[in-house]
Every structure is written in structure tokens, then in C-alpha cells.
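Structure file run04.tsv with TSV, C-alpha atoms:
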```tsv
chain	number	residue	atom	x	y	z
A	1	MET	CA	10.22	96.07	163.84
A	2	THR	CA	13.31	93.95	163.42
A	3	LYS	CA	14.38	92.37	160.20
A	4	LYS	CA	14.23	88.61	160.03
A	5	ARG	CA	17.73	87.26	159.48
A	6	PRO	CA	18.14	84.03	157.54
A	7	ASN	CA	20.02	81.16	159.11
A	8	GLN	CA	23.77	81.64	159.08
A	9	ALA	CA	25.58	79.64	156.41
A	10	LYS	CA	27.00	76.53	158.01
A	11	ALA	CA	29.63	74.65	156.07
A	12	ILE	CA	29.83	71.00	157.08
A	13	ARG	CA	33.50	70.05	156.91
A	14	ASN	CA	35.40	66.80	156.66
A	15	ARG	CA	38.20	67.75	159.05
A	16	ARG	CA	39.93	64.41	158.71
A	17	ALA	CA	40.45	64.76	154.93
A	18	ARG	CA	43.38	67.18	155.11
A	19	PHE	CA	45.11	64.95	157.63
A	20	ASP	CA	44.65	61.68	155.72
A	21	TYR	CA	45.28	62.93	152.16
A	22	GLU	CA	47.64	65.16	150.23
A	23	LEU	CA	45.05	67.20	148.36
A	24	GLY	CA	45.26	68.97	145.02
A	25	ASP	CA	42.93	71.57	143.58
A	26	SER	CA	39.36	71.53	144.79
A	27	LEU	CA	36.20	71.53	142.71
A	28	VAL	CA	32.66	72.56	143.65
A	29	VAL	CA	29.87	70.27	142.42
A	30	GLY	CA	26.14	70.07	143.02
A	31	LEU	CA	24.22	67.37	144.86
A	32	GLU	CA	20.98	65.62	144.01
A	33	LEU	CA	18.94	65.83	147.25
A	34	THR	CA	15.38	65.56	148.49
A	35	GLY	CA	13.59	68.42	150.22
A	36	ALA	CA	13.93	66.92	153.69
A	37	GLU	CA	17.66	66.43	153.16
A	38	VAL	CA	18.09	70.05	152.09
A	39	LYS	CA	16.25	71.28	155.18
A	40	SER	CA	18.37	69.09	157.48
A	41	LEU	CA	21.61	70.28	155.86
A	42	ARG	CA	20.60	73.93	156.20
A	43	MET	CA	20.11	73.23	159.92
A	44	GLY	CA	23.66	71.83	160.04
A	45	ARG	CA	22.66	68.19	160.55
A	46	GLY	CA	25.12	66.47	158.21
A	47	GLN	CA	28.43	64.67	158.42
A	48	LEU	CA	31.16	63.83	155.89
A	49	LEU	CA	33.39	61.70	158.11
A	50	GLY	CA	34.02	58.44	156.28
A	51	ALA	CA	32.37	59.69	153.07
A	52	TYR	CA	33.96	59.17	149.68
A	53	VAL	CA	33.23	59.75	145.99
A	54	THR	CA	33.12	56.95	143.45
A	55	VAL	CA	32.61	56.73	139.69
A	56	LYS	CA	29.90	54.49	138.23
A	57	ASP	CA	28.67	54.56	134.62
A	58	ASN	CA	30.60	57.81	133.96
A	59	GLU	CA	28.79	59.57	136.81
A	60	LEU	CA	29.97	60.65	140.26
A	61	PHE	CA	28.32	59.42	143.44
A	62	LEU	CA	28.78	60.35	147.11
A	63	LEU	CA	28.77	57.34	149.42
A	64	ASN	CA	28.53	57.25	153.24
A	65	GLY	CA	27.66	60.95	153.53
A	66	THR	CA	25.29	61.10	156.51
A	67	ILE	CA	22.38	63.51	156.74
A	68	ASN	CA	20.60	63.28	160.09
A	69	GLY	CA	16.96	64.20	160.39
A	70	THR	CA	15.33	66.04	163.27
A	71	THR	CA	11.93	65.67	164.91
A	72	ALA	CA	10.58	68.22	162.43
A	73	VAL	CA	12.31	66.56	159.45
A	74	PRO	CA	12.31	62.78	159.98
A	75	LEU	CA	14.65	60.66	157.86
A	76	ASN	CA	14.82	56.89	158.28
A	77	GLU	CA	18.17	55.14	158.53
A	78	GLN	CA	18.28	54.08	154.87
A	79	GLU	CA	17.71	57.65	153.67
A	80	GLN	CA	20.39	59.05	155.99
A	81	THR	CA	23.32	57.31	154.29
A	82	ARG	CA	21.93	56.68	150.82
A	83	THR	CA	24.06	57.09	147.69
A	84	ARG	CA	23.69	60.59	146.25
A	85	ARG	CA	24.52	61.60	142.69
A	86	LEU	CA	26.88	64.52	142.16
A	87	LEU	CA	26.23	67.08	139.45
A	88	ALA	CA	29.22	68.33	137.49
A	89	LYS	CA	30.14	69.22	133.93
A	90	ARG	CA	31.22	66.41	131.64
A	91	ARG	CA	34.72	67.90	131.27
A	92	GLU	CA	35.15	67.93	135.07
A	93	ILE	CA	33.83	64.38	135.42
A	94	ASN	CA	36.25	63.13	132.76
A	95	ALA	CA	39.18	64.80	134.54
A	96	LEU	CA	38.16	63.14	137.82
A	97	ILE	CA	37.81	59.76	136.12
A	98	GLU	CA	41.36	60.13	134.74
A	99	ALA	CA	42.67	60.95	138.23
A	100	LYS	CA	40.85	57.92	139.62
A	101	LYS	CA	42.47	55.69	136.99
A	102	GLN	CA	45.90	56.96	138.12
A	103	GLY	CA	45.21	55.62	141.61
A	104	ARG	CA	44.16	58.83	143.32
A	105	SER	CA	41.11	59.26	145.55
A	106	ILE	CA	38.27	61.75	145.20
A	107	VAL	CA	37.68	63.17	148.67
A	108	PRO	CA	34.68	65.26	149.81
A	109	LEU	CA	35.92	68.27	151.79
A	110	GLU	CA	32.86	70.30	152.78
A	111	LEU	CA	29.17	70.83	152.15
A	112	LEU	CA	28.40	74.46	151.33
A	113	THR	CA	24.90	75.47	152.45
A	114	GLY	CA	25.16	79.24	152.17
A	115	GLY	CA	23.67	79.98	148.78
A	116	ARG	CA	20.52	78.99	146.99
A	117	PHE	CA	21.85	75.53	146.17
A	118	ILE	CA	23.66	73.01	148.35
A	119	LYS	CA	27.13	72.34	146.92
A	120	LEU	CA	29.90	69.90	147.75
A	121	ARG	CA	33.59	70.78	147.56
A	122	ILE	CA	35.68	67.81	146.45
A	123	ALA	CA	39.37	67.37	145.76
A	124	VAL	CA	41.62	64.76	144.24
A	125	GLY	CA	44.11	63.45	146.76
A	126	LYS	CA	46.71	60.84	147.40
A	127	GLY	CA	46.57	58.95	150.69
A	128	LYS	CA	49.30	59.76	153.20
A	129	LYS	CA	51.42	57.06	154.76
A	130	ASN	CA	51.72	56.74	158.53
A	131	TYR	CA	55.14	58.39	158.62
A	132	ASP	CA	53.73	61.39	156.71
A	133	LYS	CA	50.94	61.69	159.27
A	134	ARG	CA	53.43	61.57	162.14
A	135	GLU	CA	55.45	64.27	160.41
A	136	SER	CA	52.32	66.45	160.11
A	137	ILE	CA	51.57	66.01	163.81
A	138	LYS	CA	55.15	66.87	164.76
A	139	LYS	CA	55.11	70.02	162.58
A	140	ARG	CA	51.76	71.14	164.02
A	141	ASP	CA	52.97	70.60	167.59
A	142	THR	CA	56.18	72.58	167.07
A	143	GLU	CA	54.24	75.47	165.50
A	144	ARG	CA	51.80	75.44	168.41
A	145	GLN	CA	54.66	75.44	170.93
A	146	ASN	CA	56.45	78.29	169.09
A	147	ASN	CA	53.28	80.40	169.07
A	148	PHE	CA	52.78	79.70	172.76
A	149	ASP	CA	56.37	80.73	173.56
A	150	LEU	CA	55.99	83.96	171.56
A	151	LYS	CA	52.83	84.89	173.45
A	152	ARG	CA	54.48	84.25	176.84
A	153	ARG	CA	57.27	86.77	176.19
```

As C-alpha cells:
Amino acid sequence: MTKKRPNQAKAIRNRRARFDYELGDSLVVGLELTGAEVKSLRMGRGQLLGAYVTVKDNELFLLNGTINGTTAVPLNEQEQTRTRRLLAKRREINALIEAKKQGRSIVPLELLTGGRFIKLRIAVGKGKKNYDKRESIKKRDTERQNNFDLKRR
């Protein structure tokens, strides 16, 4: 008899965040979700592209984070992109509010679905300018070309 293996932990990443922002230290916070949303996220049916964190009434909220349903777990369109409250300690929330007042952005990096609870990794970042992005692309391309040349030898 074989052992039943649980679903592999799938982290849903915001790949664009590291390209668009200069990020500082990251912070892991909880999410307030419904049961259907949890099931969909465990199946890997979520997306953070275009999502952002805002502060309202001294609380953190995730906006534009999409959770897609399946045929087994139906979610209507309003539930897919609804505003979700983030759960963090008061000290952490106050630090994020201070960073927000200084003109920085709070960026969601990835949804962690491996443990008992679904968590969101967020970071405070400063938006990159276009010339910084071009510099990042140039650096990445030269590293890729150097690695390719080393392998060819």
C-alpha cells in the first residue's frame, strides 16, 4: 500500500515585482480568506500580477490579487479580485504605514501555500525608473552571455 502524498507546496510568485521595484526586507503576513479561496490557492490557481497593498483605517489590504476558481471550486468574478485583509502585528503595520508615508510602495512578492496557513510575503520597495530597468536588462543579458561562453569552452 502506498502512502498518500499531500499536494506539493506551490508558491505563487509576482515575478514582475523584482524588476519594477528596488525591494528592501520582506515580511510574511497572513491573509483573511474564504474556504473556496484557500482550496483554489492550494491548487495553484492564483495570480499576483498587478496586485498591491494599501493602508486603510490602520489596516493592510491586498487589492487586485486574483484567485481563480475551478469547476470543483466555483468563484464568481467579484470574489476573484475582491479586497482581502492582511493579518500582521500592530508593530509591523505601523512600520509599513511609516514607509508608505515616506513615498515607498508595499509590494506583494509571493503567496506561500505550503504550511497549515496561507501566507503572503510582502516587501517595501521604491519604484525603478526606466533607465534602471534598462540597466537591469543589460546586466542580466551580459551575465547570460558570459555563462553561455563559459559552457561552450

Neighbour list for Arg85 (chain A) as a ChimeraX atom specification, cut-off 9 Å, only C-alpha atoms, skip fewer than 5 positions in-chain | /A:30-33,59-62

Would you export the selected residues with C-alpha atoms as a PDB file, keeping the file's coordinate frame, please?
```pdb
ATOM      1  CA  GLY A  30      26.140  70.070 143.020  1.00  0.00           C
ATOM      2  CA  LEU A  31      24.220  67.370 144.860  1.00  0.00           C
ATOM      3  CA  GLU A  32      20.980  65.620 144.010  1.00  0.00           C
ATOM      4  CA  LEU A  33      18.940  65.830 147.250  1.00  0.00           C
ATOM      5  CA  GLU A  59      28.790  59.570 136.810  1.00  0.00           C
ATOM      6  CA  LEU A  60      29.970  60.650 140.260  1.00  0.00           C
ATOM      7  CA  PHE A  61      28.320  59.420 143.440  1.00  0.00           C
ATOM      8  CA  LEU A  62      28.780  60.350 147.110  1.00  0.00           C
TER       9      LEU A  62
END
```

In Å, how far is it from CA of Asn14 (chain A) to CA of Asn146 (chain A)?
->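 CA of Asn146 (chain A) lies 27.0 Å from CA of Asn14 (chain A).
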
Enter the distance from CA of Leu48 (chain A) to CA of Leu109 (chain A), in Å, rounded to one decimal.
->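 So the two atoms, CA of Leu48 (chain A) and CA of Leu109 (chain A), lie 7.7 Å apart.
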
Could you work out how far CA of Arg144 (chain A) lies from CA of Gly24 (chain A), giving the answer in Å with one decimal?
->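 So the answer is 25.1 Å.
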
Fewer than 3 positions away in the same chain doesn't count, so skip those; otherwise give me all residues within 10 Å of Val53 (chain A), counting all atoms listed in the file, as an MDAnalysis selection string.
-> chainID A and resid 56 60:65 83:86 105:108 122:124

Can you write out the residues you just picked, keeping C-alpha atoms, as a short mmCIF file (atom, residue, chain, number, x, y, z; two decimals), keeping the file's coordinate frame?
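Everything below was put into part23.cif:
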```cif
data_model
loop_
_atom_site.label_atom_id
_atom_site.label_comp_id
_atom_site.auth_asym_id
_atom_site.auth_seq_id
_atom_site.Cartn_x
_atom_site.Cartn_y
_atom_site.Cartn_z
CA LYS A 56 29.90 54.49 138.23
CA LEU A 60 29.97 60.65 140.26
CA PHE A 61 28.32 59.42 143.44
CA LEU A 62 28.78 60.35 147.11
CA LEU A 63 28.77 57.34 149.42
CA ASN A 64 28.53 57.25 153.24
CA GLY A 65 27.66 60.95 153.53
CA THR A 83 24.06 57.09 147.69
CA ARG A 84 23.69 60.59 146.25
CA ARG A 85 24.52 61.60 142.69
CA LEU A 86 26.88 64.52 142.16
CA SER A 105 41.11 59.26 145.55
CA ILE A 106 38.27 61.75 145.20
CA VAL A 107 37.68 63.17 148.67
CA PRO A 108 34.68 65.26 149.81
CA ILE A 122 35.68 67.81 146.45
CA ALA A 123 39.37 67.37 145.76
CA VAL A 124 41.62 64.76 144.24
#
```

From the list A:Asn68, A:Ser136, A:Thr142, A:Gln102, the nearest residue to Met43 (chain A) using all atoms listed in the file is A:Asn68

Centre and size of axis-aligned box enclosing region 97-104 of chain A plus 3 Å each side, as lines of an AutoDock Vina configuration file:
```
center_x = 41.9
center_y = 58.3
center_z = 139.0
size_x = 14.1
size_y = 11.3
size_z = 14.6
```

Within 12 Å of region 70-73 of chain A, counting all atoms listed in the file, which residues qualify if same-chain residues fewer than 5 places away don't, as an MDAnalysis selection string?
-> chainID A and resid 34:46 79:80

Residue selection dump (C-alpha atoms) as an mmCIF file, in the frame of the given file:
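The new file selection19.cif reads:
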```
data_model
loop_
_atom_site.group_PDB
_atom_site.id
_atom_site.type_symbol
_atom_site.label_atom_id
_atom_site.label_comp_id
_atom_site.auth_asym_id
_atom_site.auth_seq_id
_atom_site.Cartn_x
_atom_site.Cartn_y
_atom_site.Cartn_z
ATOM 1 C CA THR A 34 15.380 65.560 148.490
ATOM 2 C CA GLY A 35 13.590 68.420 150.220
ATOM 3 C CA ALA A 36 13.930 66.920 153.690
ATOM 4 C CA GLU A 37 17.660 66.430 153.160
ATOM 5 C CA VAL A 38 18.090 70.050 152.090
ATOM 6 C CA LYS A 39 16.250 71.280 155.180
ATOM 7 C CA SER A 40 18.370 69.090 157.480
ATOM 8 C CA LEU A 41 21.610 70.280 155.860
ATOM 9 C CA ARG A 42 20.600 73.930 156.200
ATOM 10 C CA MET A 43 20.110 73.230 159.920
ATOM 11 C CA GLY A 44 23.660 71.830 160.040
ATOM 12 C CA ARG A 45 22.660 68.190 160.550
ATOM 13 C CA GLY A 46 25.120 66.470 158.210
ATOM 14 C CA GLU A 79 17.710 57.650 153.670
ATOM 15 C CA GLN A 80 20.390 59.050 155.990
#
```

Go through A:Leu23, A:Val28, A:Ile12, A:Leu150 and flag the residue nearest Lys119 (chain A), using all atoms listed in the file for the distances.
->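 So, comparing all the options, the nearest one is A:Val28.
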
If we count only C-alpha atoms, what is near Gly103 (chain A) at a cut-off of 12 Å, once residues fewer than 6 positions away on the same chain are taken out, given as a short mmCIF file (atom, residue, chain, number, x, y, z; two decimals) with C-alpha atoms, in the coordinates of the input?
```
data_model
loop_
_atom_site.label_atom_id
_atom_site.label_comp_id
_atom_site.auth_asym_id
_atom_site.auth_seq_id
_atom_site.Cartn_x
_atom_site.Cartn_y
_atom_site.Cartn_z
CA LEU A 96 38.16 63.14 137.82
CA ILE A 97 37.81 59.76 136.12
CA VAL A 124 41.62 64.76 144.24
CA GLY A 125 44.11 63.45 146.76
CA LYS A 126 46.71 60.84 147.40
CA GLY A 127 46.57 58.95 150.69
#
```

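Shortest atom-to-atom contact with Lys129 (chain A) among A:Glu22, A:Leu49, A:Ala17, A:Leu111: A:Glu22, counting only C-alpha atoms.
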
Restricting the calculation to all atoms listed in the file, which member of A:Ile137, A:Ala51, A:Ala11, A:Val29 is positioned closest to Ala88 (chain A)?
->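 That would be A:Val29, the residue with the smallest distance to Ala88 (chain A).
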
Give the answer as one residue: which of A:Asn130, A:Gly115, A:Lys139, A:Arg152 has the shortest atom-to-atom distance to Asp20 (chain A), using all atoms listed in the file?
->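 Going through A:Asn130, A:Gly115, A:Lys139, A:Arg152 one by one, the smallest distance to Asp20 (chain A) is for A:Asn130.
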
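With distances taken over all atoms listed in the file, A:Gly50 is the one residue among A:Gly114, A:Lys100, A:Gly50, A:Lys133 lying closest to Thr81 (chain A).
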
Taking the block above, write region 71-91 of chain A with N, CA, C and O atoms as a PDB file, in the first residue's frame.
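The result, stored in selection31.pdb:
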```
ATOM      1  N   THR A  71     -13.792  24.177 -11.770  1.00  0.00           N
ATOM      2  CA  THR A  71     -15.146  23.626 -11.871  1.00  0.00           C
ATOM      3  C   THR A  71     -15.582  23.047 -10.531  1.00  0.00           C
ATOM      4  O   THR A  71     -16.759  23.089 -10.185  1.00  0.00           O
ATOM      5  N   ALA A  72     -14.628  22.532  -9.762  1.00  0.00           N
ATOM      6  CA  ALA A  72     -14.948  21.977  -8.444  1.00  0.00           C
ATOM      7  C   ALA A  72     -15.142  23.077  -7.404  1.00  0.00           C
ATOM      8  O   ALA A  72     -15.887  22.914  -6.446  1.00  0.00           O
ATOM      9  N   VAL A  73     -14.435  24.189  -7.582  1.00  0.00           N
ATOM     10  CA  VAL A  73     -14.493  25.307  -6.632  1.00  0.00           C
ATOM     11  C   VAL A  73     -14.866  26.571  -7.411  1.00  0.00           C
ATOM     12  O   VAL A  73     -14.000  27.332  -7.817  1.00  0.00           O
ATOM     13  N   PRO A  74     -16.169  26.805  -7.629  1.00  0.00           N
ATOM     14  CA  PRO A  74     -16.539  27.980  -8.423  1.00  0.00           C
ATOM     15  C   PRO A  74     -16.429  29.277  -7.617  1.00  0.00           C
ATOM     16  O   PRO A  74     -16.799  29.338  -6.450  1.00  0.00           O
ATOM     17  N   LEU A  75     -15.866  30.287  -8.244  1.00  0.00           N
ATOM     18  CA  LEU A  75     -15.800  31.635  -7.680  1.00  0.00           C
ATOM     19  C   LEU A  75     -16.291  32.600  -8.749  1.00  0.00           C
ATOM     20  O   LEU A  75     -15.811  32.562  -9.881  1.00  0.00           O
ATOM     21  N   ASN A  76     -17.256  33.463  -8.401  1.00  0.00           N
ATOM     22  CA  ASN A  76     -17.702  34.427  -9.407  1.00  0.00           C
ATOM     23  C   ASN A  76     -16.672  35.538  -9.557  1.00  0.00           C
ATOM     24  O   ASN A  76     -15.729  35.643  -8.776  1.00  0.00           O
ATOM     25  N   GLU A  77     -16.864  36.382 -10.564  1.00  0.00           N
ATOM     26  CA  GLU A  77     -15.846  37.379 -10.895  1.00  0.00           C
ATOM     27  C   GLU A  77     -15.598  38.387  -9.779  1.00  0.00           C
ATOM     28  O   GLU A  77     -14.482  38.852  -9.594  1.00  0.00           O
ATOM     29  N   GLN A  78     -16.619  38.744  -9.016  1.00  0.00           N
ATOM     30  CA  GLN A  78     -16.435  39.699  -7.929  1.00  0.00           C
ATOM     31  C   GLN A  78     -15.615  39.100  -6.797  1.00  0.00           C
ATOM     32  O   GLN A  78     -14.830  39.799  -6.156  1.00  0.00           O
ATOM     33  N   GLU A  79     -15.767  37.811  -6.537  1.00  0.00           N
ATOM     34  CA  GLU A  79     -14.994  37.163  -5.481  1.00  0.00           C
ATOM     35  C   GLU A  79     -13.541  36.935  -5.893  1.00  0.00           C
ATOM     36  O   GLU A  79     -12.671  36.839  -5.040  1.00  0.00           O
ATOM     37  N   GLN A  80     -13.276  36.829  -7.186  1.00  0.00           N
ATOM     38  CA  GLN A  80     -11.921  36.538  -7.649  1.00  0.00           C
ATOM     39  C   GLN A  80     -10.947  37.669  -7.332  1.00  0.00           C
ATOM     40  O   GLN A  80      -9.801  37.420  -6.973  1.00  0.00           O
ATOM     41  N   THR A  81     -11.376  38.907  -7.466  1.00  0.00           N
ATOM     42  CA  THR A  81     -10.466  40.038  -7.263  1.00  0.00           C
ATOM     43  C   THR A  81     -10.889  40.921  -6.097  1.00  0.00           C
ATOM     44  O   THR A  81     -10.560  42.100  -6.065  1.00  0.00           O
ATOM     45  N   ARG A  82     -11.597  40.366  -5.150  1.00  0.00           N
ATOM     46  CA  ARG A  82     -12.076  41.189  -4.033  1.00  0.00           C
ATOM     47  C   ARG A  82     -10.905  41.656  -3.165  1.00  0.00           C
ATOM     48  O   ARG A  82      -9.815  41.087  -3.199  1.00  0.00           O
ATOM     49  N   THR A  83     -11.161  42.684  -2.359  1.00  0.00           N
ATOM     50  CA  THR A  83     -10.154  43.207  -1.437  1.00  0.00           C
ATOM     51  C   THR A  83     -10.047  42.267  -0.248  1.00  0.00           C
ATOM     52  O   THR A  83     -11.048  41.918   0.362  1.00  0.00           O
ATOM     53  N   ARG A  84      -8.814  41.861   0.075  1.00  0.00           N
ATOM     54  CA  ARG A  84      -8.591  40.922   1.175  1.00  0.00           C
ATOM     55  C   ARG A  84      -7.755  41.585   2.259  1.00  0.00           C
ATOM     56  O   ARG A  84      -6.756  42.229   1.968  1.00  0.00           O
ATOM     57  N   ARG A  85      -8.166  41.382   3.506  1.00  0.00           N
ATOM     58  CA  ARG A  85      -7.450  41.989   4.628  1.00  0.00           C
ATOM     59  C   ARG A  85      -6.212  41.161   4.953  1.00  0.00           C
ATOM     60  O   ARG A  85      -6.244  39.931   4.906  1.00  0.00           O
ATOM     61  N   LEU A  86      -5.128  41.848   5.278  1.00  0.00           N
ATOM     62  CA  LEU A  86      -3.890  41.187   5.665  1.00  0.00           C
ATOM     63  C   LEU A  86      -3.765  41.200   7.181  1.00  0.00           C
ATOM     64  O   LEU A  86      -4.141  42.169   7.834  1.00  0.00           O
ATOM     65  N   LEU A  87      -3.232  40.133   7.728  1.00  0.00           N
ATOM     66  CA  LEU A  87      -3.113  39.976   9.169  1.00  0.00           C
ATOM     67  C   LEU A  87      -1.647  40.083   9.569  1.00  0.00           C
ATOM     68  O   LEU A  87      -0.819  39.285   9.153  1.00  0.00           O
ATOM     69  N   ALA A  88      -1.350  41.102  10.357  1.00  0.00           N
ATOM     70  CA  ALA A  88       0.019  41.326  10.819  1.00  0.00           C
ATOM     71  C   ALA A  88      -0.041  41.921  12.217  1.00  0.00           C
ATOM     72  O   ALA A  88      -1.090  42.365  12.676  1.00  0.00           O
ATOM     73  N   LYS A  89       1.108  41.948  12.870  1.00  0.00           N
ATOM     74  CA  LYS A  89       1.171  42.536  14.204  1.00  0.00           C
ATOM     75  C   LYS A  89       1.132  44.057  14.087  1.00  0.00           C
ATOM     76  O   LYS A  89       1.544  44.633  13.083  1.00  0.00           O
ATOM     77  N   ARG A  90       0.642  44.684  15.121  1.00  0.00           N
ATOM     78  CA  ARG A  90       0.480  46.138  15.123  1.00  0.00           C
ATOM     79  C   ARG A  90       1.810  46.850  14.879  1.00  0.00           C
ATOM     80  O   ARG A  90       1.889  47.824  14.145  1.00  0.00           O
ATOM     81  N   ARG A  91       2.886  46.349  15.462  1.00  0.00           N
ATOM     82  CA  ARG A  91       4.213  46.943  15.291  1.00  0.00           C
ATOM     83  C   ARG A  91       4.624  46.893  13.810  1.00  0.00           C
ATOM     84  O   ARG A  91       5.162  47.867  13.264  1.00  0.00           O
TER      85      ARG A  91
END
```
